[in-house]
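Taking it in order: structure first as structure tokens, then the write-up.
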Amino acid sequence: MDTPLREPTFLILTALATGPMHGYGLIGEVAALSGNRVSLRPGTLYGALDRLVDAGLVEVDGEEVVDGRLRRYYRLSPGGEATLSAETERLRRNVEAATSRLSARTRAARPITPRTAGGLA
């Protein structure tokens, strides 16, 4: 999977960077990481996880039965860690470039305040 990553994919990988998680835990973590801007539905999440597993970015960490339902845990693979690191660096460079240009724009847009000679009139 190449960068740039779509935001939901980036957030899923970011959530898994702290350790293995099950699907519903990932839904909550992605919402928290995004300030509730990204809300993954279960079908969307599991489709994304299947693609990430197929791409070698995420691995199944284990399974357990809870209340009669299978709970599958996922973890970030070494390839997923490398991809997340590369994407984080790409985004960091973009933020630095934008911040620098906005700062230059702000400095250039400041009005020049005329100075009066001799103090108060």
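Naming scheme: A, B, ... for chains in displayed order of the structure tokens; residues 1 onward per chain; ligands 1 onward as shown.
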
Exercise for the section: Considering only C-alpha atoms, return as JSON, numbers by chain whatever protein or nucleic-acid residues lie within 9 Å of range 3-17 of chain A, sequence-local ones (same chain, fewer than 6 positions apart) excluded. Expected result: {"A": [26, 27, 29, 30, 31, 33, 34, 38, 39, 40, 45, 48, 49, 52, 57, 58, 74, 75, 76, 80, 81, 83, 84, 86, 87, 88, 90, 91]}

Practice task
Just the strand (DSSP E) stuff from range 26-107 of chain A, please, per backbone DSSP, written as a VMD selection string.
Solution key: chain A and resid 58 to 66 69 to 76

If you keep N, CA and C atoms, can you produce a file of those selected residues as a compact mmCIF listing (two decimals), in the first residue's frame?
# COMPACT_ATOMS: atom_id res chain seq x y z
N VAL A 58 -1.15 -5.03 8.61
CA VAL A 58 -1.79 -5.42 9.87
C VAL A 58 -1.81 -6.94 9.92
N GLU A 59 -1.66 -7.48 11.12
CA GLU A 59 -1.71 -8.93 11.32
C GLU A 59 -2.77 -9.27 12.36
N VAL A 60 -3.34 -10.46 12.24
CA VAL A 60 -4.26 -10.93 13.27
C VAL A 60 -3.41 -11.36 14.45
N ASP A 61 -3.73 -10.83 15.63
CA ASP A 61 -2.95 -11.10 16.83
C ASP A 61 -3.51 -12.27 17.62
N GLY A 62 -4.79 -12.54 17.48
CA GLY A 62 -5.42 -13.64 18.19
C GLY A 62 -6.92 -13.49 18.18
N GLU A 63 -7.58 -14.49 18.70
CA GLU A 63 -9.05 -14.50 18.77
C GLU A 63 -9.48 -15.06 20.11
N GLU A 64 -10.64 -14.60 20.57
CA GLU A 64 -11.24 -15.15 21.78
C GLU A 64 -12.75 -15.05 21.63
N VAL A 65 -13.45 -15.88 22.37
CA VAL A 65 -14.91 -15.84 22.36
C VAL A 65 -15.35 -15.07 23.60
N VAL A 66 -16.16 -14.03 23.38
CA VAL A 66 -16.68 -13.20 24.47
C VAL A 66 -18.19 -13.15 24.30
N ARG A 69 -19.52 -14.59 21.17
CA ARG A 69 -19.13 -13.99 19.89
C ARG A 69 -17.61 -14.00 19.77
N LEU A 70 -17.16 -14.24 18.54
CA LEU A 70 -15.73 -14.26 18.29
C LEU A 70 -15.20 -12.83 18.26
N ARG A 71 -14.15 -12.58 19.02
CA ARG A 71 -13.48 -11.27 19.03
C ARG A 71 -12.08 -11.48 18.49
N ARG A 72 -11.79 -10.81 17.38
CA ARG A 72 -10.48 -10.93 16.74
C ARG A 72 -9.66 -9.68 17.05
N TYR A 73 -8.42 -9.90 17.43
CA TYR A 73 -7.50 -8.81 17.74
C TYR A 73 -6.52 -8.63 16.58
N TYR A 74 -6.19 -7.38 16.32
CA TYR A 74 -5.27 -7.03 15.25
C TYR A 74 -4.09 -6.27 15.82
N ARG A 75 -2.93 -6.39 15.15
CA ARG A 75 -1.74 -5.64 15.55
C ARG A 75 -1.07 -5.08 14.30
N LEU A 76 -0.30 -4.05 14.51
CA LEU A 76 0.47 -3.44 13.45
C LEU A 76 1.64 -4.37 13.10

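Going from CA of Arg93 in chain A to CA of Thr106 in chain A covers 19.9 Å.
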
Exercise for the section: Write down as a ChimeraX atom specification the residues belonging to chain A that are assigned helix (DSSP H, G or I) by DSSP computed on the backbone. Expected result: /A:7-16,23-33,42-54,78-109
